[in-house]
$ cat run.txt   # compact mmCIF, C-alpha atoms
# COMPACT_ATOMS: atom_id res chain seq x y z
CA MET A 1 110.20 198.19 135.51
CA LYS A 2 112.25 200.35 133.17
CA GLN A 3 110.60 201.90 130.14
CA ILE A 4 111.90 202.04 126.60
CA GLU A 5 110.48 204.17 123.78
CA LEU A 6 109.96 203.41 120.12
CA LYS A 7 110.77 205.93 117.43
CA ALA A 8 107.79 207.48 115.66
CA GLY A 9 106.39 205.17 113.01
CA ARG A 10 108.14 202.06 114.40
CA GLU A 11 105.20 200.58 116.28
CA ALA A 12 103.69 198.67 113.32
CA SER A 13 105.48 195.37 113.98
CA VAL A 14 104.50 195.47 117.66
CA GLU A 15 100.89 196.12 116.68
CA ARG A 16 101.15 192.96 114.54
CA LYS A 17 102.37 191.14 117.70
CA HIS A 18 105.82 190.40 116.35
CA PRO A 19 107.92 189.60 119.45
CA TRP A 20 111.16 191.23 118.26
CA ILE A 21 112.10 194.89 118.43
CA PHE A 22 115.29 195.86 116.62
CA SER A 23 117.76 198.34 118.03
CA ARG A 24 117.22 200.81 115.18
CA ALA A 25 113.56 201.19 116.25
CA LEU A 26 114.45 202.49 119.73
CA VAL A 27 114.89 206.13 120.74
CA SER A 28 117.46 205.41 123.43
CA THR A 29 118.74 202.57 125.61
CA LYS A 30 120.51 204.79 128.14
CA GLY A 31 120.39 203.27 131.62
CA ILE A 32 119.13 199.92 130.35
CA GLU A 33 121.30 196.82 130.60
CA ALA A 34 121.10 193.38 129.06
CA GLY A 35 118.80 191.24 131.17
CA ASP A 36 116.54 194.10 132.27
CA MET A 37 112.79 193.68 132.02
CA VAL A 38 111.30 196.61 130.12
CA GLU A 39 107.97 198.15 129.27
CA VAL A 40 107.78 199.31 125.66
CA LEU A 41 105.98 202.53 124.81
CA ASP A 42 105.25 204.09 121.43
CA SER A 43 106.35 207.62 120.56
CA GLU A 44 103.18 209.04 122.17
CA GLY A 45 103.67 207.14 125.43
CA HIS A 46 101.10 204.43 124.82
CA PHE A 47 101.71 200.90 126.11
CA CYS A 48 102.91 198.40 123.49
CA GLY A 49 104.17 195.41 125.45
CA ARG A 50 106.56 194.05 128.07
CA GLY A 51 109.64 191.96 127.57
CA TYR A 52 113.35 191.93 128.15
CA TYR A 53 116.28 193.88 126.80
CA GLU A 54 119.23 192.00 125.33
CA GLY A 55 121.15 194.56 123.33
CA GLY A 56 122.48 193.67 119.91
CA SER A 57 120.45 193.84 116.73
CA ILE A 58 117.35 192.21 118.24
CA ALA A 59 117.29 194.53 121.23
CA VAL A 60 114.00 193.58 122.90
CA ARG A 61 112.08 190.32 122.96
CA LEU A 62 108.47 190.73 124.02
CA LEU A 63 106.79 188.34 126.45
CA THR A 64 103.35 189.93 126.58
CA PHE A 65 101.23 192.43 124.67
CA ALA A 66 98.58 192.60 127.42
CA GLU A 67 98.83 195.75 129.56
CA GLY A 68 97.52 193.97 132.63
CA GLU A 69 99.94 191.05 132.44
CA GLN A 70 103.06 191.34 134.58
CA ILE A 71 106.33 189.46 134.11
CA ASP A 72 106.59 187.34 137.23
CA ALA A 73 106.42 183.73 138.41
CA SER A 74 102.75 183.47 137.43
CA LEU A 75 103.57 184.41 133.82
CA TRP A 76 106.20 181.64 133.54
CA GLN A 77 103.72 179.16 134.98
CA ARG A 78 100.99 180.23 132.55
CA ARG A 79 103.31 179.94 129.58
CA PHE A 80 104.46 176.46 130.63
CA GLN A 81 100.88 175.36 131.28
CA GLU A 82 99.74 176.66 127.88
CA ALA A 83 102.63 174.82 126.20
CA LEU A 84 101.75 171.64 128.08
CA GLU A 85 98.08 171.86 127.10
CA ALA A 86 99.07 172.25 123.44
CA ARG A 87 101.17 169.05 123.67
CA LYS A 88 98.32 167.24 125.37
CA ALA A 89 96.13 168.15 122.39
CA LEU A 90 98.76 166.48 120.17
CA GLY A 91 98.57 163.28 122.23
CA LEU A 92 102.18 163.57 123.36
CA LEU A 93 101.46 162.95 127.04
CA ALA A 94 99.79 159.59 126.49
CA SER A 95 103.02 157.79 127.39
CA PRO A 96 104.92 158.83 130.54
CA ARG A 97 108.22 158.18 128.73
CA GLU A 98 107.51 160.10 125.52
CA GLY A 99 110.15 162.50 124.23
CA PHE A 100 108.96 165.82 122.80
CA ARG A 101 109.65 169.55 122.76
CA LEU A 102 107.67 171.26 125.50
CA VAL A 103 108.79 174.84 124.81
CA TYR A 104 109.89 176.21 121.45
CA GLY A 105 110.87 179.83 122.03
CA GLU A 106 108.67 182.34 120.24
CA GLY A 107 106.36 179.54 119.13
CA ASP A 108 105.30 179.19 122.77
CA SER A 109 105.58 182.90 123.67
CA LEU A 110 108.83 182.32 125.56
CA PRO A 111 111.47 183.80 123.24
CA GLY A 112 114.99 182.63 123.95
CA LEU A 113 113.98 179.42 125.75
CA ILE A 114 113.92 175.78 124.69
CA VAL A 115 112.70 172.92 126.88
CA ASP A 116 112.76 169.32 125.69
CA LEU A 117 111.12 166.61 127.77
CA TYR A 118 112.45 163.05 127.73
CA GLY A 119 110.01 161.16 129.90
CA GLY A 120 110.51 162.76 133.30
CA VAL A 121 113.73 164.59 132.44
CA ALA A 122 113.54 168.15 131.14
CA VAL A 123 116.49 169.67 129.29
CA MET A 124 116.44 173.47 129.40
CA GLN A 125 118.43 175.55 126.94
CA ALA A 126 118.70 179.35 126.93
CA HIS A 127 119.49 181.34 123.79
CA THR A 128 119.51 184.74 125.50
CA LEU A 129 121.24 186.17 128.55
CA THR A 130 117.91 186.99 130.19
CA MET A 131 116.67 183.41 130.09
CA HIS A 132 120.04 182.27 131.39
CA LEU A 133 119.82 184.65 134.35
CA ARG A 134 116.30 183.42 135.16
CA ARG A 135 116.99 179.73 134.76
CA ARG A 136 116.27 178.93 138.41
CA GLU A 137 112.93 180.73 138.59
CA LEU A 138 111.99 179.12 135.28
CA THR A 139 112.86 175.74 136.80
CA GLU A 140 110.61 176.44 139.79
CA ALA A 141 107.73 177.32 137.48
CA LEU A 142 108.34 174.22 135.37
CA ALA A 143 108.34 172.00 138.48
CA THR A 144 105.06 173.56 139.62
CA VAL A 145 103.38 172.85 136.29
CA LEU A 146 104.73 169.33 135.70
CA GLY A 147 104.41 168.18 139.30
CA GLU A 148 105.17 164.51 139.91
CA ARG A 149 105.88 163.90 136.24
CA LEU A 150 109.15 165.82 136.55
CA GLU A 151 112.20 163.87 137.73
CA ALA A 152 115.01 166.23 136.81
CA VAL A 153 115.88 169.47 135.01
CA TYR A 154 119.25 169.69 133.32
CA TYR A 155 120.46 173.05 132.06
CA LYS A 156 122.43 172.75 128.81
CA SER A 157 123.39 176.17 127.44
CA SER A 158 127.18 176.29 127.29
CA ASP A 159 127.04 175.85 123.50
CA SER A 160 123.99 178.03 122.84
CA LEU A 161 125.43 181.03 124.74
CA PRO A 162 129.08 181.19 123.64
CA MET A 163 129.08 184.99 124.01
CA VAL A 164 128.22 184.83 127.74
CA GLU A 165 131.08 184.13 130.12
CA GLY A 166 130.73 181.55 132.85
CA VAL A 167 127.84 179.54 131.42
CA VAL A 168 128.10 175.91 132.50
CA ASP A 169 125.82 172.95 131.99
CA GLU A 170 124.34 171.98 135.34
CA LEU A 171 121.66 170.07 137.18
CA LEU A 172 118.93 172.44 138.36
CA TYR A 173 116.44 169.96 139.80
CA GLY A 174 116.31 166.30 140.78
CA SER A 175 118.91 163.59 140.32
CA ILE A 176 121.85 163.53 137.92
CA ASP A 177 121.39 159.74 137.70
CA ALA A 178 117.95 160.30 136.15
CA VAL A 179 119.57 162.53 133.52
CA GLY A 180 122.36 160.11 132.66
CA GLN A 181 120.23 156.98 132.54
CA VAL A 182 117.05 158.21 130.86
CA VAL A 183 115.46 156.06 128.17
CA ALA A 184 112.65 157.84 126.36
CA GLU A 185 110.12 156.86 123.71
CA GLU A 186 108.99 158.28 120.40
CA GLN A 187 105.83 156.71 119.00
CA GLY A 188 106.73 153.45 120.75
CA ILE A 189 110.36 153.40 119.62
CA ARG A 190 112.90 153.72 122.42
CA PHE A 191 115.95 155.93 122.38
CA SER A 192 118.60 157.03 124.83
CA PRO A 193 119.40 160.75 124.44
CA ASP A 194 122.97 161.77 125.15
CA ILE A 195 121.96 164.65 127.40
CA LEU A 196 125.24 165.12 129.23
CA ARG A 197 127.63 164.98 126.27
CA GLY A 198 125.50 165.22 123.12
CA GLN A 199 124.59 168.06 120.78
CA LYS A 200 121.69 170.45 121.42
CA THR A 201 119.56 168.81 124.12
CA GLY A 202 120.71 165.25 123.35
CA PHE A 203 118.39 164.15 120.53
CA PHE A 204 116.92 165.86 117.45
CA LEU A 205 113.21 165.81 118.27
CA ASP A 206 112.29 167.95 115.27
CA GLN A 207 112.37 164.97 112.89
CA ARG A 208 109.67 163.01 114.73
CA CYS A 209 107.11 162.90 111.90
CA ASN A 210 109.73 162.61 109.17
CA ARG A 211 111.27 159.57 110.87
CA GLU A 212 107.83 157.96 110.86
CA LEU A 213 107.64 158.58 107.11
CA VAL A 214 111.00 156.84 106.62
CA GLU A 215 109.53 153.85 108.43
CA ARG A 216 106.68 153.72 105.90
CA TYR A 217 109.06 153.63 102.92
CA ALA A 218 111.81 151.40 104.30
CA ALA A 219 110.43 147.90 103.74
CA GLY A 220 112.86 145.76 101.74
CA ARG A 221 115.22 148.66 101.03
CA THR A 222 118.94 149.13 101.62
CA VAL A 223 119.17 152.35 103.61
CA LEU A 224 121.92 154.94 104.00
CA ASN A 225 121.49 157.45 106.83
CA THR A 226 124.06 160.23 106.49
CA PHE A 227 124.83 162.75 109.26
CA CYS A 228 123.12 160.15 111.42
CA TYR A 229 123.93 161.56 114.90
CA THR A 230 122.04 159.25 117.32
CA GLY A 231 120.60 157.12 114.52
CA GLY A 232 116.94 158.12 114.79
CA PHE A 233 116.22 157.59 111.09
CA SER A 234 118.16 154.33 111.17
CA VAL A 235 116.04 152.87 113.95
CA TYR A 236 112.82 153.83 112.20
CA ALA A 237 114.06 152.33 108.93
CA ALA A 238 114.79 149.07 110.73
CA ALA A 239 111.35 149.16 112.36
CA GLY A 240 109.85 149.58 108.90
CA GLY A 241 111.44 146.38 107.57
CA ALA A 242 114.57 147.67 105.85
CA LYS A 243 116.86 144.98 104.46
CA GLU A 244 119.93 146.64 105.99
CA VAL A 245 120.94 150.08 107.26
CA CYS A 246 124.23 151.97 107.18
CA SER A 247 124.66 154.97 109.52
CA VAL A 248 127.37 157.52 108.72
CA ASP A 249 128.62 160.43 110.82
CA ALA A 250 131.94 162.21 111.23
CA SER A 251 131.71 161.75 115.01
CA GLU A 252 132.84 158.48 116.60
CA ARG A 253 130.55 159.17 119.54
CA ALA A 254 127.58 159.71 117.22
CA VAL A 255 127.90 156.34 115.50
CA GLN A 256 128.30 154.69 118.92
CA LEU A 257 125.00 156.26 119.94
CA ALA A 258 123.38 155.07 116.72
CA ASP A 259 124.51 151.54 117.53
CA GLU A 260 123.24 151.84 121.11
CA ASN A 261 119.80 153.01 119.99
CA MET A 262 119.61 150.23 117.43
CA ARG A 263 120.46 147.63 120.08
CA LEU A 264 117.96 149.19 122.47
CA ASN A 265 115.18 148.31 120.02
CA PHE A 266 116.45 145.23 118.14
CA GLY A 267 119.29 143.71 120.13
CA ASP A 268 122.16 142.58 117.93
CA SER A 269 120.00 140.86 115.33
CA PHE A 270 119.50 143.65 112.79
CA PRO A 271 122.08 144.14 109.98
CA HIS A 272 123.25 147.63 110.91
CA THR A 273 126.67 149.02 110.07
CA THR A 274 128.20 152.30 111.18
CA LEU A 275 130.96 154.40 109.68
CA ALA A 276 132.72 157.27 111.41
CA CYS A 277 133.74 159.31 108.38
CA ASP A 278 132.90 162.43 106.41
CA ALA A 279 129.44 161.83 104.93
CA VAL A 280 130.09 164.15 101.99
CA GLU A 281 133.22 162.19 101.07
CA TYR A 282 131.45 158.86 101.56
CA LEU A 283 128.77 159.88 99.07
CA LYS A 284 131.42 160.01 96.35
CA GLN A 285 131.88 156.25 96.40
CA ILE A 286 128.55 154.59 97.16
CA GLY A 287 127.78 153.47 93.60
CA ASP A 288 124.25 152.09 93.31
CA ARG A 289 124.29 150.23 96.62
CA TYR A 290 121.40 152.12 98.26
CA ASP A 291 117.77 152.63 97.31
CA LEU A 292 116.78 154.79 100.28
CA ILE A 293 119.08 157.64 101.29
CA ILE A 294 118.62 160.22 104.05
CA LEU A 295 120.48 163.54 103.85
CA ASP A 296 120.03 165.48 107.09
CA PRO A 297 123.13 167.70 107.35
CA PRO A 298 123.78 170.37 109.98
CA ALA A 299 122.83 173.92 109.09
CA PHE A 300 124.97 175.02 106.14
CA ALA A 301 123.77 178.64 106.48
CA LYS A 302 123.34 180.07 109.96
CA HIS A 303 122.97 183.58 108.56
CA HIS A 304 122.34 185.26 105.21
CA LYS A 305 125.97 186.30 104.67
CA VAL A 306 126.97 182.72 103.85
CA LEU A 307 123.78 181.76 102.01
CA GLY A 308 125.39 181.54 98.56
CA ASN A 309 128.10 179.11 99.66
CA ALA A 310 125.56 177.12 101.64
CA MET A 311 123.31 176.59 98.62
CA GLN A 312 126.27 175.36 96.59
CA GLY A 313 126.93 172.87 99.38
CA TYR A 314 123.34 171.64 99.38
CA LYS A 315 123.43 171.32 95.58
CA ARG A 316 126.63 169.25 95.54
CA LEU A 317 125.42 167.01 98.35
CA ASN A 318 122.08 166.27 96.68
CA ALA A 319 123.62 165.83 93.24
CA ARG A 320 125.93 163.13 94.58
CA ALA A 321 123.07 161.22 96.17
CA LEU A 322 120.74 161.61 93.20
CA SER A 323 123.36 160.49 90.70
CA GLN A 324 124.04 157.22 92.54
CA ILE A 325 120.81 156.10 94.16
CA ARG A 326 119.30 153.02 92.55
CA PRO A 327 116.48 153.44 90.03
CA GLY A 328 113.21 153.52 91.93
CA GLY A 329 115.03 154.83 94.99
CA ILE A 330 113.69 157.23 97.61
CA LEU A 331 115.68 160.26 98.78
CA PHE A 332 114.84 162.15 101.97
CA THR A 333 116.68 165.47 101.91
CA PHE A 334 116.56 168.28 104.48
CA SER A 335 117.78 171.74 105.37
CA CYS A 336 117.60 173.03 108.95
CA SER A 337 119.01 176.44 107.98
CA GLN A 338 116.56 179.16 108.93
CA ALA A 339 118.04 181.45 106.28
CA VAL A 340 117.07 178.96 103.55
CA THR A 341 113.46 179.31 102.42
CA LYS A 342 111.36 176.38 101.23
CA GLU A 343 111.36 177.82 97.72
CA LEU A 344 115.13 178.27 97.63
CA PHE A 345 115.75 174.77 98.95
CA ARG A 346 113.41 173.24 96.37
CA THR A 347 115.10 175.19 93.56
CA THR A 348 118.51 174.00 94.75
CA VAL A 349 117.41 170.36 94.78
CA PHE A 350 115.93 170.89 91.30
CA SER A 351 119.38 172.05 90.14
CA ALA A 352 120.95 168.99 91.74
CA ALA A 353 118.55 166.69 89.88
CA ALA A 354 119.43 168.40 86.60
CA ILE A 355 123.15 167.92 87.29
CA ALA A 356 122.57 164.25 88.12
CA GLY A 357 120.49 163.79 84.96
CA ARG A 358 117.76 161.87 86.77
CA ASN A 359 113.98 162.10 86.49
CA VAL A 360 112.65 162.95 89.94
CA ARG A 361 109.17 163.18 91.45
CA ILE A 362 108.38 165.06 94.66
CA LEU A 363 106.35 162.76 96.90
CA HIS A 364 106.24 164.87 100.06
CA GLN A 365 107.24 168.35 101.21
CA LEU A 366 108.24 168.21 104.86
CA ALA A 367 108.48 170.58 107.81
CA GLN A 368 109.06 170.63 111.55
CA PRO A 369 106.51 168.81 113.74
CA ALA A 370 103.68 170.32 115.76
CA ASP A 371 105.67 170.32 119.01
CA HIS A 372 107.90 172.93 117.29
CA PRO A 373 105.02 175.35 116.63
CA ILE A 374 105.37 178.50 114.54
CA ASN A 375 103.88 181.63 116.03
CA ILE A 376 101.77 183.03 113.21
CA TYR A 377 103.10 186.50 114.06
CA HIS A 378 106.70 185.24 113.97
CA PRO A 379 107.30 183.37 110.68
CA GLU A 380 111.05 183.28 111.45
CA GLY A 381 110.30 180.30 113.69
CA GLU A 382 109.96 178.08 110.62
CA TYR A 383 113.36 176.56 109.92
CA LEU A 384 113.12 172.88 108.96
CA LYS A 385 112.21 171.96 105.42
CA GLY A 386 112.55 168.75 103.49
CA LEU A 387 111.61 166.82 100.38
CA VAL A 388 110.92 163.16 99.74
CA LEU A 389 111.87 162.31 96.18
CA TYR A 390 111.23 159.30 93.97
CA VAL A 391 114.13 158.85 91.58
CA GLU A 392 113.51 156.94 88.36

$ encode --input "run.txt" --output "structure tokens"
Amino acid sequence: MKQIELKAGREASVERKHPWIFSRALVSTKGIEAGDMVEVLDSEGHFCGRGYYEGGSIAVRLLTFAEGEQIDASLWQRRFQEALEARKALGLLASPREGFRLVYGEGDSLPGLIVDLYGGVAVMQAHTLTMHLRRRELTEALATVLGERLEAVYYKSSDSLPMVEGVVDELLYGSIDAVGQVVAEEQGIRFSPDILRGQKTGFFLDQRCNRELVERYAAGRTVLNTFCYTGGFSVYAAAGGAKEVCSVDASERAVQLADENMRLNFGDSFPHTTLACDAVEYLKQIGDRYDLIILDPPAFAKHHKVLGNAMQGYKRLNARALSQIRPGGILFTFSCSQAVTKELFRTTVFSAAAIAGRNVRILHQLAQPADHPINIYHPEGEYLKGLVLYVE
């Protein structure tokens, strides 16, 4: 294994078990290529950790801080087993068809890797070249840990690795029919993830607990679900006794999926309408039709350089909803931008309420669920934040 040395005084973050080492902290990277496994030493030659070199600003991602732990098949298996045990503790393996995130990058000590499990179908997504190059050995380790529970592994990284040439989505294990026909569950509600053609890994599992909260508030309400994608919030609202639900998304395919998931649970009996249009534009003309609105837009700020414009976007979006929601209405509003802190998001929604001229109470402050764990040494893993507001 190649060795890489830290500059003097740059070992503090590694001592705090932060899994990232930035390029400016390294003495030299001569002879080291992206994808290489490396042993990190401090300026006096002492062992700090082992991981992989990627280049770029975040040059090294550490996989272990234990000197005796090697990076091999047994490490992948241990990491997958540890992740599985954590999900067992959450009760997520009680149903064989449950959908949940099995691996969340740094949160499960596997930086650069995402694995979502939909029943027996695992969707693997790499966010680094190294994880891409090791996708097959990772699949072998995953199959060893999951055993008979695993039906298929589908690799879906063409969108998450745009900088790497030749990345294609592909079946790595099992049957493609299992991938295309999977129906999973979430707390007893069924959904069909669009694994082959959909965004991310096919379904946004990070809103699990927040969807359940929508169900609790939906009874008797007229619900608008904007940026609906596969209609997860819409289905939960219907399950909670909503009077009617409207799902809006700019994508024709998304609203089709929302309809399909609604029918999967309620047939054709529930009053559900879909609109393939710009949700921001639609919010200009809703009047006081809705008394429960969900705003779950895509990330407006993927990095700090565009943070100012992003916050203006969040403010306008929330002001439109707050100004038109019926008195006594409930607004669920979210940001999945990692660059946006909880405090900044709350301040922005405060500004939107002031613009709308409405009295607003915060009922809940929301976050990502426990199957998207945050490594306490890596606070950057916290990205989802939300508010539930009561609007007078």

$ residues_around --input "run.txt" --residues "region 61-69 of chain A" --least-positions-apart "6" --cutoff "7 Å" --atoms "only C-alpha atoms" --output "number ranges by chain"
A: 19-21, 47-53, 109-111

$ residues_around --input "run.txt" --residues "Val391 (chain A)" --least-positions-apart "2" --cutoff "6 Å" --atoms "only C-alpha atoms" --output "ChimeraX atom specification"
/A:328-329,360

$ residues_around --input "run.txt" --residues "Thr230 (chain A)" --least-positions-apart "4" --cutoff "10 Å" --atoms "only C-alpha atoms" --output "list in words"
Phe191, Ser192, Pro193, Asp194, Gly198, Gln199, Gly202, Phe203, Phe204, Ser234, Val235, Ser247, Asp249, Arg253, Ala254, Val255, Gln256, Leu257, Ala258, Asp259, Glu260, Asn261 and Met262 of chain A

$ residues_around --input "run.txt" --residues "Arg346 (chain A)" --least-positions-apart "2" --cutoff "12 Å" --atoms "all atoms listed in the file" --output "MDAnalysis selection string"
chainID A and resid 311 314:315 318 333:335 340:344 348:353 361:362 364:366 385:389

$ closest_residue --input "run.txt" --among "A:Ala370, A:His378, A:Lys30, A:Phe300" --to "Gly91 (chain A)" --atoms "all atoms listed in the file"
A:Ala370

$ closest_residue --input "run.txt" --among "A:Glu382, A:Arg289, A:Asp371, A:Ala143" --to "Lys88 (chain A)" --atoms "only C-alpha atoms"
A:Asp371

$ residues_near_point --input "run.txt" --point "(119.8, 202.9, 122.1)" --cutoff "12 Å" --atoms "all atoms listed in the file" --output "PyMOL selection string"
chain A and resi 4-7+21-34+53-60

$ atom_distance --input "run.txt" --atom1 "CA of Arg326 (chain A)" --atom2 "CA of Tyr229 (chain A)"
24.4 Å

$ closest_residue --input "run.txt" --among "A:Ala94, A:Leu129, A:Ile293, A:Ala86" --to "Gly35 (chain A)" --atoms "all atoms listed in the file"
A:Leu129

$ closest_residue --input "run.txt" --among "A:Val121, A:Ile71, A:Cys246, A:Leu41" --to "Glu15 (chain A)" --atoms "all atoms listed in the file"
A:Leu41

$ atom_distance --input "run.txt" --atom1 "CA of Arg78 (chain A)" --atom2 "CA of Tyr154 (chain A)"
21.1 Å

$ closest_residue --input "run.txt" --among "A:Thr144, A:Thr128, A:Ser269, A:Gln338" --to "Ser74 (chain A)" --atoms "all atoms listed in the file"
A:Thr144

$ residues_around --input "run.txt" --residues "Leu172 (chain A)" --least-positions-apart "5" --cutoff "10 Å" --atoms "all atoms listed in the file" --output "compact mmCIF listing (two decimals) with C-alpha atoms, in the frame of the given file"
# COMPACT_ATOMS: atom_id res chain seq x y z
CA ALA A 122 113.54 168.15 131.14
CA VAL A 123 116.49 169.67 129.29
CA MET A 124 116.44 173.47 129.40
CA ARG A 135 116.99 179.73 134.76
CA ARG A 136 116.27 178.93 138.41
CA THR A 139 112.86 175.74 136.80
CA GLU A 140 110.61 176.44 139.79
CA ALA A 152 115.01 166.23 136.81
CA VAL A 153 115.88 169.47 135.01
CA TYR A 154 119.25 169.69 133.32
CA TYR A 155 120.46 173.05 132.06
